[in-house]
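The file final04.csv comes next; it holds CSV, C-alpha atoms and all ligand atoms.
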chain,number,residue,atom,x,y,z
V,11,MET,CA,0.0,0.0,0.0
V,12,LEU,CA,1.2,3.5,-0.7
V,13,SER,CA,1.8,5.9,2.1
V,14,ARG,CA,-0.7,8.8,2.2
V,15,ARG,CA,2.0,11.3,1.1
V,16,LYS,CA,3.2,9.1,-1.8
V,17,PHE,CA,-0.4,8.4,-2.8
V,18,ILE,CA,-1.4,12.1,-2.9
V,19,LYS,CA,1.7,12.8,-5.0
V,20,LYS,CA,0.9,10.0,-7.3
V,21,THR,CA,-2.7,11.1,-7.8
V,22,ALA,CA,-2.0,14.8,-8.1
V,23,ALA,CA,-1.9,14.6,-11.8
V,24,LEU,CA,-5.5,13.5,-12.4
V,25,GLY,CA,-6.1,15.7,-15.4
V,26,SER,CA,-8.9,18.1,-15.3
V,27,PHE,CA,-10.7,16.2,-12.6
V,28,SER,CA,-10.5,17.3,-9.0
V,29,PHE,CA,-9.0,14.8,-6.7
V,30,LEU,CA,-10.9,14.6,-3.4
V,31,GLY,CA,-8.4,12.7,-1.4
V,32,THR,CA,-8.6,9.3,0.3
V,33,PHE,CA,-11.8,8.6,2.1
V,34,ALA,CA,-12.3,6.5,5.1
V,35,PRO,CA,-14.6,3.5,4.4
V,36,SER,CA,-17.4,4.9,6.5
V,37,GLU,CA,-17.7,8.1,4.6
V,38,GLN,CA,-20.2,6.9,2.1
V,39,LEU,CA,-21.0,9.4,-0.7
V,40,LYS,CA,-24.0,8.8,-2.8
V,41,PRO,CA,-23.3,10.1,-6.3
V,42,SER,CA,-25.9,10.9,-8.9
V,43,GLY,CA,-25.4,10.8,-12.6
V,44,PRO,CA,-22.7,8.8,-14.4
V,45,ILE,CA,-20.3,6.9,-12.2
V,46,ALA,CA,-17.4,4.4,-12.7
V,47,ILE,CA,-16.1,2.3,-9.9
V,48,ALA,CA,-13.1,-0.2,-10.1
V,49,THR,CA,-11.3,-2.6,-7.9
V,50,TRP,CA,-8.0,-1.3,-6.5
V,51,GLY,CA,-7.2,2.3,-5.8
V,52,ASN,CA,-4.4,2.4,-8.4
V,53,ASN,CA,-7.1,2.1,-11.1
V,54,THR,CA,-8.1,5.8,-10.8
V,55,LYS,CA,-6.8,6.4,-14.4
V,56,ALA,CA,-9.2,3.7,-15.6
V,57,THR,CA,-12.3,5.1,-13.8
V,58,GLU,CA,-11.3,8.6,-15.0
V,59,GLN,CA,-11.1,7.4,-18.6
V,60,ALA,CA,-14.4,5.6,-18.2
V,61,TYR,CA,-16.0,8.7,-16.7
V,62,LYS,CA,-14.8,10.9,-19.6
V,63,ILE,CA,-16.8,8.7,-21.9
V,64,LEU,CA,-19.8,8.6,-19.6
V,65,LYS,CA,-19.8,12.4,-19.2
V,66,SER,CA,-19.8,13.0,-22.9
V,67,GLY,CA,-23.0,10.9,-23.2
V,68,GLY,CA,-21.2,7.7,-24.1
V,69,TYR,CA,-22.4,4.1,-23.6
V,70,ALA,CA,-21.5,2.4,-20.3
V,71,LEU,CA,-19.9,-0.6,-22.1
V,72,ASP,CA,-17.6,1.7,-24.1
V,73,ALA,CA,-16.6,3.3,-20.9
V,74,VAL,CA,-15.9,0.0,-19.2
V,75,GLU,CA,-13.9,-1.2,-22.2
V,76,GLN,CA,-11.8,2.0,-22.6
V,77,GLY,CA,-11.2,2.2,-18.9
V,78,ILE,CA,-10.0,-1.3,-18.7
V,79,HIS,CA,-7.6,-0.7,-21.6
V,80,ILE,CA,-5.5,1.5,-19.4
V,81,PRO,CA,-4.2,-1.2,-17.0
V,82,GLU,CA,-4.2,-3.8,-19.8
V,83,ALA,CA,-1.6,-1.7,-21.7
V,84,ASP,CA,0.4,-0.6,-18.6
V,85,PRO,CA,3.6,-2.5,-18.3
V,86,ASN,CA,3.8,-1.6,-14.6
V,87,ASP,CA,0.6,-3.3,-13.8
V,88,THR,CA,1.7,-6.8,-12.9
V,89,SER,CA,-1.8,-8.4,-12.7
V,90,VAL,CA,-3.4,-7.3,-15.9
V,91,GLY,CA,-2.5,-7.6,-19.6
V,92,TYR,CA,0.9,-6.4,-20.9
V,93,GLY,CA,3.5,-6.7,-18.0
V,94,GLY,CA,1.3,-9.2,-16.1
V,95,ASN,CA,3.1,-11.9,-14.2
V,96,PRO,CA,3.4,-15.1,-16.2
V,97,ASP,CA,2.3,-18.5,-15.1
V,98,ARG,CA,4.7,-21.1,-13.6
V,99,ASP,CA,6.1,-21.9,-17.1
V,100,GLY,CA,6.6,-18.3,-18.1
V,101,PHE,CA,3.5,-17.7,-20.3
V,102,VAL,CA,1.3,-14.7,-19.8
V,103,THR,CA,-2.2,-16.0,-20.0
V,104,LEU,CA,-5.2,-13.7,-19.7
V,105,ASP,CA,-8.8,-13.9,-18.5
V,106,ALA,CA,-11.4,-11.2,-19.2
V,107,CYS,CA,-15.2,-10.7,-19.5
V,108,VAL,CA,-17.9,-8.1,-20.1
V,109,MET,CA,-21.5,-8.0,-19.3
V,110,ASN,CA,-24.1,-5.6,-20.7
V,111,GLU,CA,-27.4,-4.1,-19.6
V,112,LYS,CA,-29.3,-6.8,-21.5
V,113,GLY,CA,-27.7,-9.5,-19.4
V,114,ASN,CA,-25.5,-10.6,-22.3
V,115,ALA,CA,-22.0,-11.6,-21.6
V,116,GLY,CA,-18.7,-12.4,-23.4
V,117,SER,CA,-15.6,-13.9,-22.0
V,118,VAL,CA,-12.1,-15.2,-22.9
V,119,THR,CA,-10.0,-17.5,-20.7
V,120,PHE,CA,-6.4,-18.7,-21.0
V,121,LEU,CA,-5.8,-16.2,-23.9
V,122,GLN,CA,-2.2,-15.4,-24.8
V,123,HIS,CA,-0.5,-12.7,-26.9
V,124,ILE,CA,-3.4,-10.2,-27.0
V,125,MET,CA,-3.0,-6.9,-25.3
V,126,HIS,CA,-6.7,-6.2,-24.8
V,127,PRO,CA,-8.5,-9.3,-23.8
V,128,VAL,CA,-11.5,-7.3,-22.6
V,129,SER,CA,-12.2,-6.2,-26.2
V,130,VAL,CA,-11.9,-9.8,-27.4
V,131,ALA,CA,-14.5,-10.7,-24.7
V,132,ARG,CA,-16.8,-7.9,-26.0
V,133,GLN,CA,-16.5,-9.3,-29.5
V,134,VAL,CA,-17.3,-12.8,-28.3
V,135,MET,CA,-20.5,-11.3,-26.9
V,136,GLU,CA,-21.3,-9.2,-29.9
V,137,LYS,CA,-20.2,-11.4,-32.8
V,138,THR,CA,-20.8,-15.0,-31.7
V,139,PRO,CA,-23.6,-17.0,-30.4
V,140,HIS,CA,-21.3,-18.0,-27.5
V,141,VAL,CA,-20.4,-16.6,-24.1
V,142,LEU,CA,-16.9,-18.0,-23.6
V,143,LEU,CA,-13.9,-18.8,-25.8
V,144,SER,CA,-10.7,-20.3,-24.4
V,145,GLY,CA,-7.0,-20.7,-25.2
V,146,ASP,CA,-6.1,-21.2,-28.9
V,147,GLY,CA,-9.7,-20.9,-30.0
V,148,ALA,CA,-9.9,-17.5,-28.3
V,149,LEU,CA,-6.6,-16.5,-29.9
V,150,GLN,CA,-7.7,-17.6,-33.4
V,151,PHE,CA,-11.0,-15.6,-32.9
V,152,ALA,CA,-9.0,-12.5,-31.8
V,153,LEU,CA,-6.7,-12.7,-34.8
V,154,GLN,CA,-9.6,-13.2,-37.2
V,155,ASN,CA,-11.2,-10.1,-35.8
V,156,GLY,CA,-8.2,-7.8,-36.3
V,157,PHE,CA,-6.3,-8.1,-33.0
V,158,LYS,CA,-2.5,-8.2,-33.2
V,159,LYS,CA,-0.4,-10.9,-31.8
V,160,GLU,CA,2.1,-9.4,-29.3
V,161,ASN,CA,4.7,-10.4,-26.7
V,162,LEU,CA,3.2,-9.5,-23.4
V,163,LEU,CA,6.0,-10.7,-21.2
V,164,THR,CA,8.1,-7.6,-20.3
V,165,ASP,CA,11.7,-7.9,-19.3
V,166,SER,CA,10.9,-7.1,-15.7
V,167,ALA,CA,8.1,-9.6,-15.5
V,168,ARG,CA,10.5,-12.2,-16.9
V,169,GLU,CA,13.2,-11.3,-14.3
V,170,ARG,CA,10.6,-11.6,-11.5
V,171,TRP,CA,9.6,-15.0,-12.8
V,172,LEU,CA,13.2,-16.2,-13.0
V,173,GLU,CA,13.8,-15.0,-9.4
V,174,TRP,CA,10.6,-16.8,-8.3
V,175,ILE,CA,11.7,-20.1,-9.9
V,176,ASP,CA,15.0,-19.8,-8.0
V,177,LYS,CA,13.4,-19.1,-4.7
V,178,ASN,CA,10.3,-21.2,-5.0
V,179,LYS,CA,11.6,-24.3,-6.8
V,180,TYR,CA,8.5,-24.3,-9.0
V,181,THR,CA,5.9,-24.4,-6.2
V,182,PRO,CA,3.0,-22.2,-7.2
V,183,ILE,CA,2.2,-19.5,-4.7
V,184,ILE,CA,-0.8,-17.4,-4.3
V,185,SER,CA,-0.1,-14.1,-2.6
V,186,ARG,CA,-2.5,-12.4,-0.3
V,187,ASN,CA,-1.3,-8.9,-1.2
V,188,ASN,CA,0.0,-8.8,-4.7
V,189,HIS,CA,-3.1,-8.2,-6.7
V,190,ASP,CA,-4.4,-5.5,-8.9
V,191,THR,CA,-6.9,-7.2,-11.3
V,192,ILE,CA,-9.4,-4.7,-12.6
V,193,GLY,CA,-13.1,-5.1,-12.4
V,194,LEU,CA,-15.0,-2.0,-13.5
V,195,LEU,CA,-18.7,-1.1,-13.3
V,196,ALA,CA,-20.2,1.9,-15.0
V,197,ILE,CA,-23.6,3.7,-15.1
V,198,ASP,CA,-24.0,6.1,-18.0
V,199,SER,CA,-26.3,9.1,-18.4
V,200,LYS,CA,-29.1,6.9,-19.6
V,201,ASN,CA,-28.8,5.0,-16.4
V,202,THR,CA,-27.5,1.9,-18.2
V,203,LEU,CA,-25.2,-0.4,-16.2
V,204,CYS,CA,-22.4,-2.5,-17.7
V,205,GLY,CA,-19.3,-4.1,-16.3
V,206,GLY,CA,-16.0,-5.8,-17.2
V,207,CYS,CA,-13.1,-7.5,-15.7
V,208,SER,CA,-9.5,-8.3,-16.9
V,209,THR,CA,-6.5,-10.0,-15.4
V,210,SER,CA,-3.4,-12.0,-16.0
V,211,GLY,CA,-4.5,-14.1,-13.0
V,212,ALA,CA,-2.7,-15.4,-10.1
V,213,ALA,CA,1.1,-15.0,-10.5
V,214,TYR,CA,3.0,-18.2,-11.4
V,215,LYS,CA,-0.2,-20.3,-11.5
V,216,LEU,CA,-0.2,-23.7,-13.2
V,217,HIS,CA,-0.3,-23.5,-16.9
V,218,GLY,CA,-3.9,-23.6,-18.0
V,219,ARG,CA,-5.3,-22.4,-14.7
V,220,VAL,CA,-8.3,-20.1,-15.1
V,221,GLY,CA,-9.6,-17.9,-12.3
V,222,ASP,CA,-12.8,-16.1,-11.4
V,223,SER,CA,-12.3,-13.0,-13.6
V,224,PRO,CA,-13.7,-14.4,-16.9
V,225,ILE,CA,-16.5,-16.4,-15.2
V,226,ILE,CA,-19.8,-14.7,-15.2
V,227,GLY,CA,-21.2,-14.7,-11.6
V,228,ALA,CA,-17.8,-15.3,-10.0
V,229,GLY,CA,-15.5,-12.3,-11.1
V,230,LEU,CA,-18.4,-10.2,-12.4
V,231,PHE,CA,-22.1,-10.0,-12.5
V,232,VAL,CA,-24.3,-7.2,-13.8
V,233,ASP,CA,-28.1,-7.0,-13.7
V,234,ASN,CA,-29.4,-3.7,-15.1
V,235,GLU,CA,-32.5,-3.8,-12.9
V,236,THR,CA,-30.5,-4.2,-9.7
V,237,GLY,CA,-26.8,-3.5,-9.8
V,238,GLY,CA,-23.4,-5.0,-10.5
V,239,ALA,CA,-20.5,-6.5,-8.5
V,240,THR,CA,-17.0,-7.5,-9.4
V,241,GLY,CA,-14.1,-9.0,-7.4
V,242,THR,CA,-10.4,-9.5,-7.1
V,243,GLY,CA,-8.2,-11.8,-5.0
V,244,LEU,CA,-7.9,-15.5,-4.9
V,245,GLY,CA,-10.1,-16.6,-7.8
V,246,GLU,CA,-10.6,-20.1,-6.5
V,247,LEU,CA,-12.6,-18.6,-3.6
V,248,MET,CA,-14.9,-16.6,-5.9
V,249,LEU,CA,-15.3,-19.6,-8.2
V,250,LYS,CA,-16.5,-21.7,-5.3
V,251,ASN,CA,-19.0,-19.1,-4.1
V,252,LEU,CA,-20.1,-17.3,-7.3
V,253,SER,CA,-19.6,-14.3,-5.2
V,254,SER,CA,-20.4,-11.5,-7.6
V,255,PHE,CA,-23.8,-13.2,-8.4
V,256,LEU,CA,-24.4,-13.5,-4.7
V,257,ILE,CA,-23.8,-9.8,-4.1
V,258,VAL,CA,-26.2,-8.8,-6.8
V,259,GLU,CA,-28.8,-11.2,-5.5
V,260,TYR,CA,-28.5,-9.6,-2.0
V,261,MET,CA,-28.9,-6.2,-3.6
V,262,ARG,CA,-32.0,-7.5,-5.4
V,263,GLN,CA,-33.5,-8.1,-2.0
V,264,GLY,CA,-33.0,-4.4,-1.3
V,265,ILE,CA,-29.8,-4.7,0.6
V,266,HIS,CA,-27.3,-1.8,0.3
V,267,PRO,CA,-24.2,-2.7,-1.9
V,268,GLN,CA,-21.9,-2.2,1.2
V,269,LYS,CA,-23.9,-4.7,3.2
V,270,ALA,CA,-24.2,-7.0,0.3
V,271,CYS,CA,-20.4,-7.2,-0.1
V,272,GLU,CA,-20.0,-7.7,3.6
V,273,MET,CA,-22.5,-10.5,3.8
V,274,THR,CA,-20.9,-12.2,0.9
V,275,VAL,CA,-17.3,-12.0,2.3
V,276,LYS,CA,-18.6,-13.2,5.7
V,277,ARG,CA,-20.2,-16.2,4.1
V,278,MET,CA,-17.0,-17.0,2.3
V,279,VAL,CA,-14.9,-16.6,5.5
V,280,LYS,CA,-17.2,-18.9,7.4
V,281,LYS,CA,-16.6,-21.7,4.9
V,282,TYR,CA,-13.0,-21.1,3.8
V,283,GLY,CA,-11.4,-19.0,6.6
V,284,THR,CA,-9.2,-15.9,6.3
V,285,ASP,CA,-6.0,-17.2,4.8
V,286,HIS,CA,-6.5,-15.4,1.5
V,287,GLN,CA,-7.7,-12.2,-0.1
V,288,ALA,CA,-11.1,-11.8,-1.7
V,289,ALA,CA,-12.3,-8.3,-2.3
V,290,PHE,CA,-15.4,-6.8,-4.0
V,291,VAL,CA,-16.9,-3.5,-5.2
V,292,ALA,CA,-20.6,-3.2,-5.9
V,293,LEU,CA,-22.9,-0.5,-7.4
V,294,ASP,CA,-26.6,-0.4,-7.4
V,295,LYS,CA,-28.9,1.3,-9.9
V,296,LYS,CA,-29.6,4.2,-7.4
V,297,GLY,CA,-25.9,5.0,-7.4
V,298,ASN,CA,-25.2,3.5,-4.0
V,299,TYR,CA,-21.9,1.7,-3.9
V,300,GLY,CA,-19.9,-0.4,-1.4
V,301,ALA,CA,-16.8,-2.5,-1.0
V,302,PHE,CA,-15.6,-5.1,1.4
V,303,SER,CA,-12.6,-7.5,1.6
V,304,ILE,CA,-11.2,-10.2,3.7
V,305,GLN,CA,-7.7,-8.6,4.2
V,306,PRO,CA,-7.4,-5.0,5.1
V,307,ASN,CA,-5.2,-3.9,2.2
V,308,PHE,CA,-8.0,-3.4,-0.4
V,309,ASP,CA,-8.9,0.0,-1.9
V,310,TYR,CA,-10.8,1.1,-4.9
V,311,ALA,CA,-11.2,3.9,-7.5
V,312,LEU,CA,-14.3,5.9,-8.1
V,313,SER,CA,-15.1,8.7,-10.6
V,314,TYR,CA,-18.3,10.7,-10.6
V,315,GLN,CA,-19.5,14.4,-10.8
V,316,ASP,CA,-16.1,15.4,-12.2
V,317,LYS,CA,-14.2,13.9,-9.3
V,318,THR,CA,-11.9,11.0,-8.9
V,319,ILE,CA,-11.3,9.4,-5.5
V,320,ARG,CA,-9.4,6.5,-4.2
V,321,LYS,CA,-11.1,4.9,-1.2
V,322,ALA,CA,-10.1,2.4,1.4
V,323,SER,CA,-12.4,-0.6,1.8
V,324,ASP,CA,-13.7,-2.0,5.0
V,325,SER,CA,-12.4,-5.5,5.7
V,326,TYR,CA,-13.1,-8.6,7.8
V,327,GLN,CA,-9.6,-8.7,9.2
V,328,HIS,CA,-8.1,-5.5,10.7
U,1,LIG,C1,-7.5,-14.6,-10.3
U,1,LIG,N1,-8.9,-13.0,-9.2
U,1,LIG,O1,-7.1,-15.0,-11.4
U,1,LIG,C2,-7.7,-13.2,-10.1
U,1,LIG,C3,-6.4,-12.6,-9.4
U,1,LIG,C4,-6.5,-11.2,-9.0
U,1,LIG,O2,-5.3,-9.2,-8.9
U,1,LIG,O3,-7.5,-10.7,-8.6
U,1,LIG,N2,-5.4,-10.5,-9.1
U,1,LIG,O4,-7.6,-15.4,-9.3

Could you show the structure in this file as structure tokens?
Amino acid sequence: MLSRRKFIKKTAALGSFSFLGTFAPSEQLKPSGPIAIATWGNNTKATEQAYKILKSGGYALDAVEQGIHIPEADPNDTSVGYGGNPDRDGFVTLDACVMNEKGNAGSVTFLQHIMHPVSVARQVMEKTPHVLLSGDGALQFALQNGFKKENLLTDSARERWLEWIDKNKYTPIISRNNHDTIGLLAIDSKNTLCGGCSTSGAAYKLHGRVGDSPIIGAGLFVDNETGGATGTGLGELMLKNLSSFLIVEYMRQGIHPQKACEMTVKRMVKKYGTDHQAAFVALDKKGNYGAFSIQPNFDYALSYQDKTIRKASDSYQH
């Protein structure tokens, strides 16, 4: 986690938007109008990009896609797209999905060599009768639809991987702390809700491992009547709980997004304990939002009413 001073310095250059500072979890602001919310506080540039599109009257799904492109193309983001940590065998394999206001979804898993898996996921939704394409098939589909094959393993990711092999003797590890997968939810000026999620998955995972991020209901769920939720952390936990779906179902019962995230995390902890991280953001159709995590190191990014903020989440562990 960044110190407050470093964080303020880092976020000082937030373009024409005014930066409101870090907010304690209890200071709930209820925005009206377009809003973009994303997992991890370092995704302020992504929510800001999404918000620009929303503010100019753009479609929520375009905002989600363009917002997610930012960490996907960022070589310093070690959990998403280009620069992402590779799997145990040194391959960068990506998972992503999108879901729109009609309840349609598209997703790609175990995709290699494509910088913007979220856009491939969108094309799966829009151009095929399917929801999910995987591995070589997903790559072939991407190439046929104009995406470029690229090397996504940066020199520094390769060095980190080589160091890890040395130290860990090929035993996969899942870190509690080192995550920054992006899940982004957006409501546009027509009150349309869409979402997306993109990741390179757990660092040094087994080759072929797929996490929660491309699985509808696990890493992301959107229901335009109710709200949306998206998560980050140890994907296996979310896969076993369909956590994003659960959060939205709680919201459907009239529960505030904050409480819905909390109830979901508590249910996960009851069954699986507190050894790992699982963290969520949720947004309902009234513009209420919330976040909750198992471990205390989770924060998130929020853009609305020409402001961008980075906010600490409440957590189960303190
Ligand atoms: C996964 N949920 O593949 C992802 C990892 C993650 O930031 O959130 N990383 O399990």

- Write out as a ChimeraX atom specification the residues lying within 8 Å of Thr284 of chain V, counting all atoms listed in the file and excluding same-chain residues fewer than 3 positions away. /V:279,287,304-305,327

Output for the residues just chosen: C-alpha atoms as a PDB file, keeping the file's coordinate frame:
ATOM      1  CA  VAL V 279     -14.900 -16.600   5.500  1.00  0.00           C
ATOM      2  CA  GLN V 287      -7.700 -12.200  -0.100  1.00  0.00           C
ATOM      3  CA  ILE V 304     -11.200 -10.200   3.700  1.00  0.00           C
ATOM      4  CA  GLN V 305      -7.700  -8.600   4.200  1.00  0.00           C
ATOM      5  CA  GLN V 327      -9.600  -8.700   9.200  1.00  0.00           C
TER       6      GLN V 327
END

- Task: Pick out the residues no farther than 8 Å from ligand LIG 1 (chain U), counting all atoms listed in the file, and list them as an MDAnalysis selection string.
- Result: chainID V and resid 89:90 105 188:192 209:213 220:223 229 241:246 248 288

- Message: Could you check the closest approach to Asp198 of chain V for each of V:Asn234, V:Ser323, V:Thr103, V:Asn178 and tell me which residue wins, using all atoms listed in the file?
- Response: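 When distances to Asp198 of chain V are compared using all atoms listed in the file, the smallest one comes from V:Asn234.
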
- In terms of only C-alpha atoms, the residue from V:Ser253, V:Gln268, V:Ser208, V:Thr119 at minimal distance from Ala83 of chain V is V:Ser208

Give me the residues within 6 Å of Ile45 of chain V as a PDB file with C-alpha atoms, in the frame of the given file, counting all atoms listed in the file and dropping any in the same chain fewer than 3 places off.
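File written: out-v3.pdb
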ATOM      1  CA  ALA V 196     -20.200   1.900 -15.000  1.00  0.00           C
ATOM      2  CA  ILE V 197     -23.600   3.700 -15.100  1.00  0.00           C
ATOM      3  CA  SER V 313     -15.100   8.700 -10.600  1.00  0.00           C
ATOM      4  CA  TYR V 314     -18.300  10.700 -10.600  1.00  0.00           C
TER       5      TYR V 314
END

- Just give me the gap between atom CA of Phe290 of chain V and atom CA of Thr49 of chain V in Å, one decimal is fine. 7.0 Å

Taking all atoms of segment 50-62 of chain V that the file lists, what box with edges along x, y and z, padded by 8 Å per side, do you get, with centre and edge lengths in Å to one decimal, as JSON?
{"center_x": -10.2, "center_y": 4.8, "center_z": -12.7, "size_x": 27.6, "size_y": 28.2, "size_z": 29.8}

- Query: Within 8 Å of (-16.0, -12.0, -17.0), only C-alpha atoms: residues as a list in words?
  - Reply: Asp105, Ala106, Cys107, Val108, Met109, Ala115, Gly116, Ser117, Val118, Ala131, Gly206, Cys207, Ser208, Asp222, Ser223, Pro224, Ile225, Ile226, Gly227, Ala228, Gly229, Leu230 and Phe231 of chain V
